[in-house]
file my_file_28.pdb (PDB, C-alpha atoms and all ligand atoms)
ATOM      1  CA  MET A  30      -4.344  -9.963  31.835
ATOM      2  CA  GLU A  31      -0.619  -9.551  32.546
ATOM      3  CA  PRO A  32       0.338  -5.877  33.161
ATOM      4  CA  LEU A  33       2.421  -4.304  30.386
ATOM      5  CA  ASN A  34       6.120  -4.194  31.025
ATOM      6  CA  ARG A  35       7.343  -0.717  30.117
ATOM      7  CA  GLU A  36      10.879  -1.756  29.127
ATOM      8  CA  ARG A  37       9.667  -4.616  26.969
ATOM      9  CA  PHE A  38       7.026  -2.438  25.323
ATOM     10  CA  ASN A  39       9.570   0.309  24.542
ATOM     11  CA  GLN A  40      12.062  -2.179  23.130
ATOM     12  CA  ASN A  41       9.441  -3.777  20.893
ATOM     13  CA  LEU A  42       8.263  -0.365  19.657
ATOM     14  CA  LYS A  43      11.812   0.730  18.885
ATOM     15  CA  MET A  44      12.521  -2.544  17.096
ATOM     16  CA  ARG A  45       9.477  -2.112  14.834
ATOM     17  CA  VAL A  46      10.473   1.473  14.009
ATOM     18  CA  ARG A  47      14.059   0.361  13.344
ATOM     19  CA  LYS A  48      12.697  -2.141  10.817
ATOM     20  CA  VAL A  49      10.949   0.652   8.907
ATOM     21  CA  ILE A  50      14.054   2.873   9.096
ATOM     22  CA  GLU A  51      16.273   0.106   7.728
ATOM     23  CA  ASN A  52      13.910  -1.511   5.217
ATOM     24  CA  TYR A  53      12.950   1.791   3.640
ATOM     25  CA  GLN A  54      16.213   3.659   4.327
ATOM     26  CA  LEU A  55      14.337   6.556   5.876
ATOM     27  CA  PHE A  56      17.564   8.487   6.424
ATOM     28  CA  LYS A  57      21.310   8.225   6.076
ATOM     29  CA  GLU A  58      24.039   8.921   8.578
ATOM     30  CA  GLU A  59      24.705  12.594   9.383
ATOM     31  CA  GLU A  60      21.499  13.869   7.822
ATOM     32  CA  THR A  61      19.548  16.838   9.177
ATOM     33  CA  ILE A  62      15.999  15.878  10.048
ATOM     34  CA  ALA A  63      13.261  18.389  10.738
ATOM     35  CA  VAL A  64      10.476  16.900  12.852
ATOM     36  CA  ALA A  65       6.997  18.386  12.465
ATOM     37  CA  ILE A  66       5.676  18.610  16.015
ATOM     38  CA  SER A  67       2.150  19.571  17.041
ATOM     39  CA  GLY A  68       2.348  18.394  20.657
ATOM     40  CA  GLY A  69       0.045  15.444  19.925
ATOM     41  CA  LYS A  70       1.197  11.964  20.940
ATOM     42  CA  ASP A  71       2.282  10.907  17.428
ATOM     43  CA  SER A  72       4.598  13.811  16.742
ATOM     44  CA  VAL A  73       5.986  13.703  20.302
ATOM     45  CA  LEU A  74       6.803   9.988  19.961
ATOM     46  CA  THR A  75       8.428  10.629  16.562
ATOM     47  CA  LEU A  76      10.640  13.266  18.164
ATOM     48  CA  HIS A  77      11.622  11.010  21.087
ATOM     49  CA  LEU A  78      12.323   8.002  18.840
ATOM     50  CA  LEU A  79      14.465   9.961  16.405
ATOM     51  CA  ASN A  80      16.288  11.380  19.391
ATOM     52  CA  ASP A  81      16.960   7.780  20.496
ATOM     53  CA  PHE A  82      18.489   7.042  17.069
ATOM     54  CA  LYS A  83      20.338  10.357  16.953
ATOM     55  CA  GLU A  84      23.705   9.143  18.220
ATOM     56  CA  GLU A  85      23.716   5.877  16.310
ATOM     57  CA  PHE A  86      23.112   7.656  12.979
ATOM     58  CA  ASN A  87      24.851  10.892  13.939
ATOM     59  CA  LEU A  88      21.726  12.861  13.054
ATOM     60  CA  HIS A  89      21.134  16.569  13.415
ATOM     61  CA  LEU A  90      17.589  17.056  14.708
ATOM     62  CA  LEU A  91      15.422  20.135  14.764
ATOM     63  CA  ALA A  92      11.698  20.620  15.171
ATOM     64  CA  ILE A  93       9.070  22.783  13.474
ATOM     65  CA  SER A  94       5.680  23.611  14.948
ATOM     66  CA  ILE A  95       2.831  25.324  13.145
ATOM     67  CA  ASP A  96       0.174  27.365  14.906
ATOM     68  CA  GLU A  97      -2.811  27.105  12.553
ATOM     69  CA  GLY A  98      -4.844  29.476  14.688
ATOM     70  CA  ILE A  99      -7.386  27.086  16.233
ATOM     71  CA  SER A 100      -8.578  28.815  19.353
ATOM     72  CA  GLY A 101      -8.688  26.774  22.572
ATOM     73  CA  TYR A 102      -6.889  23.851  20.958
ATOM     74  CA  ARG A 103      -3.521  24.531  19.380
ATOM     75  CA  GLU A 104      -2.127  26.606  22.279
ATOM     76  CA  LYS A 105      -2.051  23.498  24.491
ATOM     77  CA  GLY A 106      -0.264  21.439  21.858
ATOM     78  CA  LEU A 107       2.326  24.137  21.263
ATOM     79  CA  LYS A 108       3.078  24.352  24.981
ATOM     80  CA  ILE A 109       3.735  20.603  24.994
ATOM     81  CA  ALA A 110       5.869  20.855  21.845
ATOM     82  CA  ARG A 111       8.045  23.434  23.658
ATOM     83  CA  GLU A 112       8.266  21.277  26.807
ATOM     84  CA  ASN A 113       9.400  18.193  24.865
ATOM     85  CA  THR A 114      11.915  19.967  22.625
ATOM     86  CA  ASP A 115      13.345  21.783  25.676
ATOM     87  CA  LYS A 116      13.636  18.501  27.564
ATOM     88  CA  LEU A 117      15.516  16.846  24.682
ATOM     89  CA  GLY A 118      17.591  19.937  23.872
ATOM     90  CA  ILE A 119      16.234  20.177  20.298
ATOM     91  CA  GLU A 120      15.816  23.546  18.594
ATOM     92  CA  LEU A 121      12.141  24.381  17.921
ATOM     93  CA  VAL A 122      11.226  26.709  15.051
ATOM     94  CA  GLU A 123       7.708  28.107  15.468
ATOM     95  CA  LYS A 124       5.629  29.237  12.486
ATOM     96  CA  SER A 125       2.018  30.317  12.217
ATOM     97  CA  PHE A 126      -0.742  30.740   9.642
ATOM     98  CA  SER A 127      -1.143  34.335  10.895
ATOM     99  CA  ALA A 128       2.418  35.247   9.986
ATOM    100  CA  GLU A 129       2.659  33.184   6.795
ATOM    101  CA  ILE A 130      -0.768  33.637   5.169
ATOM    102  CA  ASN A 131      -2.182  36.540   7.157
ATOM    103  CA  ARG A 132      -5.171  34.532   8.416
ATOM    104  CA  LYS A 133      -5.898  32.148  11.280
ATOM    105  CA  LEU A 134      -7.632  28.880  10.392
ATOM    106  CA  ASP A 135     -10.563  30.031  12.547
ATOM    107  CA  GLN A 136     -11.055  32.974  10.171
ATOM    108  CA  ILE A 137     -11.180  30.902   6.977
ATOM    109  CA  ALA A 138     -12.608  27.559   8.172
ATOM    110  CA  HIS A 139     -16.212  28.490   7.247
ATOM    111  CA  LEU A 140     -15.216  29.035   3.594
ATOM    112  CA  TYR A 141     -14.634  25.307   3.057
ATOM    113  CA  LYS A 142     -16.720  22.168   3.313
ATOM    114  CA  SER A 143     -14.063  20.765   5.630
ATOM    115  CA  SER A 144     -11.591  22.918   7.565
ATOM    116  CA  CYS A 145      -9.031  20.159   7.106
ATOM    117  CA  ILE A 146      -8.652  21.134   3.417
ATOM    118  CA  PRO A 147      -7.094  24.603   3.927
ATOM    119  CA  CYS A 148      -5.457  23.401   7.151
ATOM    120  CA  GLY A 149      -3.627  20.543   5.407
ATOM    121  CA  ILE A 150      -2.649  22.574   2.340
ATOM    122  CA  PHE A 151      -1.206  25.515   4.272
ATOM    123  CA  ARG A 152       0.434  23.310   6.924
ATOM    124  CA  ARG A 153       2.254  21.202   4.309
ATOM    125  CA  TYR A 154       3.208  24.372   2.443
ATOM    126  CA  ILE A 155       4.704  26.089   5.514
ATOM    127  CA  LEU A 156       6.397  22.919   6.780
ATOM    128  CA  ASN A 157       8.118  22.223   3.485
ATOM    129  CA  LYS A 158       9.178  25.839   2.987
ATOM    130  CA  THR A 159      10.590  26.045   6.533
ATOM    131  CA  ALA A 160      12.356  22.671   6.349
ATOM    132  CA  TYR A 161      13.947  23.763   3.050
ATOM    133  CA  GLN A 162      15.068  27.105   4.510
ATOM    134  CA  LEU A 163      16.591  25.278   7.495
ATOM    135  CA  GLY A 164      18.563  22.999   5.185
ATOM    136  CA  ALA A 165      16.818  19.793   6.286
ATOM    137  CA  ASP A 166      17.446  16.589   4.319
ATOM    138  CA  LYS A 167      14.206  14.994   5.518
ATOM    139  CA  LEU A 168      10.957  16.138   7.074
ATOM    140  CA  ALA A 169       9.649  13.620   9.632
ATOM    141  CA  THR A 170       5.947  13.557  10.409
ATOM    142  CA  GLY A 171       4.035  11.636  13.083
ATOM    143  CA  HIS A 172       1.763   9.726  10.682
ATOM    144  CA  ASN A 173       0.987   6.358  12.229
ATOM    145  CA  LEU A 174      -0.566   3.161  10.859
ATOM    146  CA  ASP A 175      -4.114   4.417  11.506
ATOM    147  CA  ASP A 176      -3.465   7.749   9.738
ATOM    148  CA  GLU A 177      -1.973   6.033   6.729
ATOM    149  CA  VAL A 178      -4.842   3.557   6.355
ATOM    150  CA  GLN A 179      -7.417   6.339   6.807
ATOM    151  CA  SER A 180      -5.709   8.534   4.186
ATOM    152  CA  PHE A 181      -5.477   5.637   1.796
ATOM    153  CA  LEU A 182      -9.197   4.815   2.130
ATOM    154  CA  MET A 183     -10.092   8.506   1.787
ATOM    155  CA  SER A 184      -8.194   8.749  -1.505
ATOM    156  CA  PHE A 185      -9.691   5.463  -2.590
ATOM    157  CA  ALA A 186     -13.231   6.692  -1.801
ATOM    158  CA  ARG A 187     -12.554   9.865  -3.814
ATOM    159  CA  ALA A 188     -10.860   7.966  -6.680
ATOM    160  CA  ASP A 189      -7.941  10.319  -6.122
ATOM    161  CA  PHE A 190      -5.272   8.165  -7.743
ATOM    162  CA  ARG A 191      -2.868  11.074  -7.972
ATOM    163  CA  ARG A 192      -2.347  10.784  -4.223
ATOM    164  CA  PHE A 193      -1.389   7.111  -4.276
ATOM    165  CA  PRO A 194       2.336   7.699  -4.741
ATOM    166  CA  LYS A 195       2.206   9.854  -1.585
ATOM    167  CA  PHE A 196       1.621   6.810   0.621
ATOM    168  CA  GLY A 197       4.382   4.782   2.177
ATOM    169  CA  PRO A 198       6.963   5.494   4.894
ATOM    170  CA  LYS A 199       9.243   7.546   2.660
ATOM    171  CA  LEU A 200       8.354   9.846  -0.183
ATOM    172  CA  GLN A 201      10.851  10.298  -2.975
ATOM    173  CA  GLN A 202      12.425  13.649  -3.713
ATOM    174  CA  ILE A 203      10.778  14.720  -6.969
ATOM    175  CA  HIS A 204      11.812  18.357  -6.854
ATOM    176  CA  PRO A 205      14.944  19.951  -5.346
ATOM    177  CA  LYS A 206      12.773  22.236  -3.178
ATOM    178  CA  LEU A 207      10.490  19.476  -1.939
ATOM    179  CA  ILE A 208      11.969  17.966   1.219
ATOM    180  CA  PRO A 209      11.288  14.190   1.244
ATOM    181  CA  ARG A 210       8.845  13.296   3.981
ATOM    182  CA  ILE A 211       9.447  10.292   6.214
ATOM    183  CA  LYS A 212       6.985   8.563   8.536
ATOM    184  CA  PRO A 213       8.874   6.561  11.193
ATOM    185  CA  LEU A 214       5.579   5.480  12.869
ATOM    186  CA  TRP A 215       4.225   4.022   9.610
ATOM    187  CA  ASN A 216       3.643   0.548  11.114
ATOM    188  CA  ILE A 217       2.770   1.665  14.671
ATOM    189  CA  SER A 218      -0.911   1.800  15.620
ATOM    190  CA  GLU A 219      -2.460   4.825  17.295
ATOM    191  CA  LYS A 220      -3.287   2.615  20.265
ATOM    192  CA  ASP A 221       0.396   1.724  20.730
ATOM    193  CA  VAL A 222       1.390   5.384  20.504
ATOM    194  CA  GLY A 223      -1.088   6.211  23.264
ATOM    195  CA  THR A 224       0.168   3.311  25.382
ATOM    196  CA  TRP A 225       3.756   4.549  24.969
ATOM    197  CA  ALA A 226       2.832   8.037  26.196
ATOM    198  CA  VAL A 227       0.973   6.702  29.234
ATOM    199  CA  LEU A 228       3.545   4.022  30.180
ATOM    200  CA  ASN A 229       6.424   6.497  29.953
ATOM    201  CA  ASP A 230       4.525   9.377  31.537
ATOM    202  CA  ILE A 231       5.299  11.651  28.590
ATOM    203  CA  SER A 232       3.651  15.033  28.354
ATOM    204  CA  VAL A 233       1.408  14.952  25.258
ATOM    205  CA  HIS A 234      -1.726  16.739  24.100
ATOM    206  CA  PHE A 235      -4.610  14.255  23.976
ATOM    207  CA  GLY A 236      -7.358  16.717  22.957
ATOM    208  CA  ASP A 237      -9.266  16.508  19.651
ATOM    209  CA  CYS A 238      -9.309  19.339  17.153
ATOM    210  CA  PRO A 239     -12.755  21.019  17.264
ATOM    211  CA  TYR A 240     -12.969  20.702  13.453
ATOM    212  CA  ALA A 241     -12.120  16.984  13.366
ATOM    213  CA  GLN A 242     -15.659  15.653  13.857
ATOM    214  CA  LYS A 243     -16.968  17.025  10.560
ATOM    215  CA  SER A 244     -14.253  15.462   8.431
ATOM    216  CA  LEU A 245     -14.435  12.388   6.193
ATOM    217  CA  ARG A 246     -11.335  11.180   8.042
ATOM    218  CA  SER A 247     -13.214  11.094  11.314
ATOM    219  CA  LYS A 248     -15.983   8.927   9.810
ATOM    220  CA  ILE A 249     -13.470   6.531   8.262
ATOM    221  CA  LYS A 250     -11.559   6.427  11.540
ATOM    222  CA  ASN A 251     -14.684   5.392  13.475
ATOM    223  CA  TYR A 252     -15.503   2.740  10.873
ATOM    224  CA  LEU A 253     -11.965   1.308  10.983
ATOM    225  CA  ASN A 254     -11.962   1.211  14.780
ATOM    226  CA  ILE A 255     -15.177  -0.822  14.752
ATOM    227  CA  MET A 256     -13.724  -3.180  12.107
ATOM    228  CA  GLU A 257     -10.496  -3.585  14.092
ATOM    229  CA  GLU A 258     -12.448  -4.379  17.241
ATOM    230  CA  ASP A 259     -14.519  -7.063  15.451
ATOM    231  CA  HIS A 260     -11.697  -8.334  13.196
ATOM    232  CA  PRO A 261      -8.298  -7.626  14.785
ATOM    233  CA  GLY A 262      -5.577  -7.029  12.176
ATOM    234  CA  THR A 263      -7.872  -5.277   9.673
ATOM    235  CA  LYS A 264      -5.833  -2.050   9.660
ATOM    236  CA  MET A 265      -2.526  -3.829   9.134
ATOM    237  CA  ASN A 266      -4.087  -5.946   6.374
ATOM    238  CA  ILE A 267      -5.301  -2.850   4.519
ATOM    239  CA  LEU A 268      -1.822  -1.325   4.784
ATOM    240  CA  GLU A 269      -0.262  -4.535   3.468
ATOM    241  CA  SER A 270      -2.761  -4.795   0.593
ATOM    242  CA  PHE A 271      -1.991  -1.245  -0.368
ATOM    243  CA  ARG A 272       1.759  -1.810  -0.184
ATOM    244  CA  LYS A 273       1.597  -4.907  -2.366
ATOM    245  CA  SER A 274      -0.816  -3.455  -4.945
ATOM    246  CA  PHE A 275       0.860  -0.145  -5.530
ATOM    247  CA  GLN A 276       4.528  -0.715  -4.786
ATOM    248  CA  SER A 277       5.276  -1.848  -8.311
ATOM    249  CA  SER A 278       3.241   0.859 -10.012
ATOM    250  CA  GLU A 279       4.805   3.807  -8.183
ATOM    251  CA  LYS A 280       4.781   6.704 -10.548
ATOM    252  CA  MET A 281       5.640  10.089  -9.146
ATOM    253  CA  VAL A 282       4.012  13.183 -10.595
ATOM    254  CA  LYS A 283       6.562  15.593 -12.097
ATOM    255  CA  LEU A 284       6.624  18.844 -10.183
ATOM    256  CA  LEU A 285       6.884  22.403 -11.492
ATOM    257  CA  GLU A 286       7.485  25.562  -9.485
ATOM    258  CA  CYS A 287       4.613  27.855  -8.576
ATOM    259  CA  ASP A 288       4.624  31.042 -10.719
ATOM    260  CA  ARG A 289       3.663  33.130  -7.676
ATOM    261  CA  CYS A 290       5.694  31.835  -4.722
ATOM    262  CA  GLY A 291       8.283  29.536  -6.312
ATOM    263  CA  GLU A 292       7.354  26.558  -4.115
ATOM    264  CA  PRO A 293       7.129  23.066  -5.693
ATOM    265  CA  SER A 294       3.728  22.467  -7.283
ATOM    266  CA  SER A 295       2.048  20.095  -9.718
ATOM    267  CA  LEU A 296       0.263  23.079 -11.328
ATOM    268  CA  ASN A 297       1.523  26.475 -12.535
ATOM    269  CA  ILE A 298       0.003  28.087  -9.432
ATOM    270  CA  CYS A 299       0.297  26.048  -6.214
ATOM    271  CA  LYS A 300      -2.757  25.178  -4.121
ATOM    272  CA  ALA A 301      -1.670  27.494  -1.282
ATOM    273  CA  CYS A 302      -1.485  30.478  -3.672
ATOM    274  CA  GLN A 303      -4.823  29.516  -5.278
ATOM    275  CA  MET A 304      -6.429  29.465  -1.837
ATOM    276  CA  ARG A 305      -4.855  32.761  -0.868
ATOM    277  CA  GLU A 306      -6.315  34.286  -4.046
ATOM    278  CA  GLU A 307      -9.779  32.863  -3.302
ATOM    279  CA  MET A 308      -9.616  34.368   0.190
ATOM    280  CA  GLY A 309      -8.752  37.753  -1.302
TER     281      GLY A 309
HETATM  282  S1  LIG B   1      -8.440  17.957  12.287
HETATM  283 FE1  LIG B   1      -8.396  19.102  10.367
HETATM  284  S2  LIG B   1      -8.584  21.241  10.982
HETATM  285 FE2  LIG B   1      -8.011  20.105  12.807
HETATM  286  S3  LIG B   1      -5.766  20.233  12.893
HETATM  287 FE3  LIG B   1      -6.271  18.333  11.796
HETATM  288  S4  LIG B   1      -6.284  18.911   9.628
HETATM  289 FE4  LIG B   1      -6.402  20.816  10.841
HETATM  290 ZN    ZN B   2       2.525  29.284  -4.722
END

call {"tool": "encode", "arguments": {"input": "my_file_28.pdb", "output": "C-alpha cells"}}
result
Amino acid sequence: MEPLNRERFNQNLKMRVRKVIENYQLFKEEETIAVAISGGKDSVLTLHLLNDFKEEFNLHLLAISIDEGISGYREKGLKIARENTDKLGIELVEKSFSAEINRKLDQIAHLYKSSCIPCGIFRRYILNKTAYQLGADKLATGHNLDDEVQSFLMSFARADFRRFPKFGPKLQQIHPKLIPRIKPLWNISEKDVGTWAVLNDISVHFGDCPYAQKSLRSKIKNYLNIMEEDHPGTKMNILESFRKSFQSSEKMVKLLECDRCGEPSSLNICKACQMREEMG
C-alpha cells in the first residue's frame, strides 16, 4: 500500500472540516470560541484546526480543561492540554470537579451504574458555565464521527428522543446562558484523528479512561468497529440516515433556569444540582 502523504492527508482533513464549518455555519467572523480540551487526540485536533482557521475568520480562541478527578488518567491529559495550548499561544482556563462540586469523580463514581453519567453531567455543566463567564460565543468540542454515531445509537437504544435535537455539528442557542456547542470534527472518523496525530507527531494522550470499559458507549463502540471492518462506510451511513430522518423534525426543548444555581435547565432544578443533593 502507498505510504500516506502527510501534506495531502492534512489538506484533505482540513477541506472536510471546512465543509462542515461552511455548510452548517459553525461560527461567524470575529467570534470568541472556547475549545474544550482534555488532551485526548480529538480535542487536540479541534484546537489545532480552529487555530488554522483563526486568521481567516479573525477568531478569538481560548481553551477550557476540566479535571474530573480520575486518578492516574486525567493528569496526563491535562499536561498535554497545557503543552498544546502553550505551543499555540492560546489561553487555557483550568477547572476541576474538586473546586466546582467539592468531589472528585473517583469519590462519587461508585454511586452510579456508570461513572460516565455524573462525569458527563458535571463536565457539561462546568464547561457551559465557564464558557459563559468567559464571554464565548461558541463552545467547540472534539466529538468526532464515531462519537456522534455512538451517542445516537445509545439514545436510540434507550428511546431517549429528547436527546435527538442535541445531535448534529451545531446546536442552536435555546437559552441566553447556554453557549451553542459546535463539533468541527463531526464528519471525521476516530481513525483519521489518530492518523493525523501520528503523521504530524503531535503530543496527545492516547490512554483510555479506567471507567470507559463498563459503559454502554464502549459496547456500542466495539460493535460499530466490527461492523465498519466488515462493511466499510457503516458509520457514515448511520450518520447520514440520522441527518436525513431528523433534520426536518428538529424541535428544541424550551429551557428554564435552575432554581438553585441559575444555569440553563429543562427542569426547575438542573441535573447537576439534583446530583449534588443526592450526594449530600
Ligand atoms: S469514559 Fe466516562 S468517566 Fe471516563 S472521562 Fe469519559 S465520560 Fe468520564
Ligand atoms: Zn442547578

call {"tool": "resolve_selection", "arguments": {"input": "my_file_28.pdb", "expression": "the PyMOL selection byres (((chain A and resi 148-150) around 9) and not hetatm)", "output": "MDAnalysis selection string"}}
result
chainID A and resid 97 134 138 144:147 151:155 300:301 304

call {"tool": "resolve_selection", "arguments": {"input": "my_file_28.pdb", "expression": "the PyMOL selection byres (((chain A and resi 126) around 9) and not hetatm)", "output": "PyMOL selection string"}}
result
chain A and resi 95-98+124-125+127-134+151-152+155

call {"tool": "closest_residue", "arguments": {"input": "my_file_28.pdb", "among": "A:Thr224, A:Asn39, A:Gln201, A:Asn297", "to": "Tyr53 of chain A", "atoms": "all atoms listed in the file"}}
result
A:Gln201

call {"tool": "atom_distance", "arguments": {"input": "my_file_28.pdb", "atom1": "atom CA of Leu121 of chain A", "atom2": "atom CA of Lys212 of chain A"}}
result
19.1 Å

call {"tool": "residues_near_ligand", "arguments": {"input": "my_file_28.pdb", "ligand": "ligand ZN 2 (chain B)", "cutoff": "9 Å", "atoms": "only C-alpha atoms and all ligand atoms", "output": "compact mmCIF listing (two decimals) with C-alpha atoms, in the frame of the given file"}}
result
# COMPACT_ATOMS: atom_id res chain seq x y z
CA TYR A 154 3.21 24.37 2.44
CA GLU A 286 7.48 25.56 -9.48
CA CYS A 287 4.61 27.86 -8.58
CA ASP A 288 4.62 31.04 -10.72
CA ARG A 289 3.66 33.13 -7.68
CA CYS A 290 5.69 31.84 -4.72
CA GLY A 291 8.28 29.54 -6.31
CA GLU A 292 7.35 26.56 -4.12
CA PRO A 293 7.13 23.07 -5.69
CA SER A 294 3.73 22.47 -7.28
CA ASN A 297 1.52 26.48 -12.54
CA ILE A 298 0.00 28.09 -9.43
CA CYS A 299 0.30 26.05 -6.21
CA LYS A 300 -2.76 25.18 -4.12
CA ALA A 301 -1.67 27.49 -1.28
CA CYS A 302 -1.48 30.48 -3.67
CA GLN A 303 -4.82 29.52 -5.28

call {"tool": "closest_residue", "arguments": {"input": "my_file_28.pdb", "among": "A:Met308, A:Ile50, A:Lys283, A:Lys220", "to": "Asn254 of chain A", "atoms": "all atoms listed in the file"}}
result
A:Lys220

call {"tool": "atom_distance", "arguments": {"input": "my_file_28.pdb", "atom1": "atom CA of Val64 of chain A", "atom2": "atom CA of Gln242 of chain A"}}
result
26.2 Å

call {"tool": "axis_aligned_box", "arguments": {"input": "my_file_28.pdb", "around": "ligand LIG 1 (chain B)", "padding_each_side": "3 Å", "output": "JSON"}}
result
{"center_x": -7.2, "center_y": 19.6, "center_z": 11.3, "size_x": 8.8, "size_y": 9.3, "size_z": 9.3}

call {"tool": "resolve_selection", "arguments": {"input": "my_file_28.pdb", "expression": "the PyMOL selection byres (((chain A and resi 179) around 8) and not hetatm)", "output": "list in words"}}
result
Asp175, Asp176, Glu177, Val178, Ser180, Phe181, Leu182, Met183, Arg246, Ile249, Lys250 and Leu253 of chain A

call {"tool": "atom_distance", "arguments": {"input": "my_file_28.pdb", "atom1": "atom CA of Phe38 of chain A", "atom2": "atom CA of Trp225 of chain A"}}
result
7.7 Å
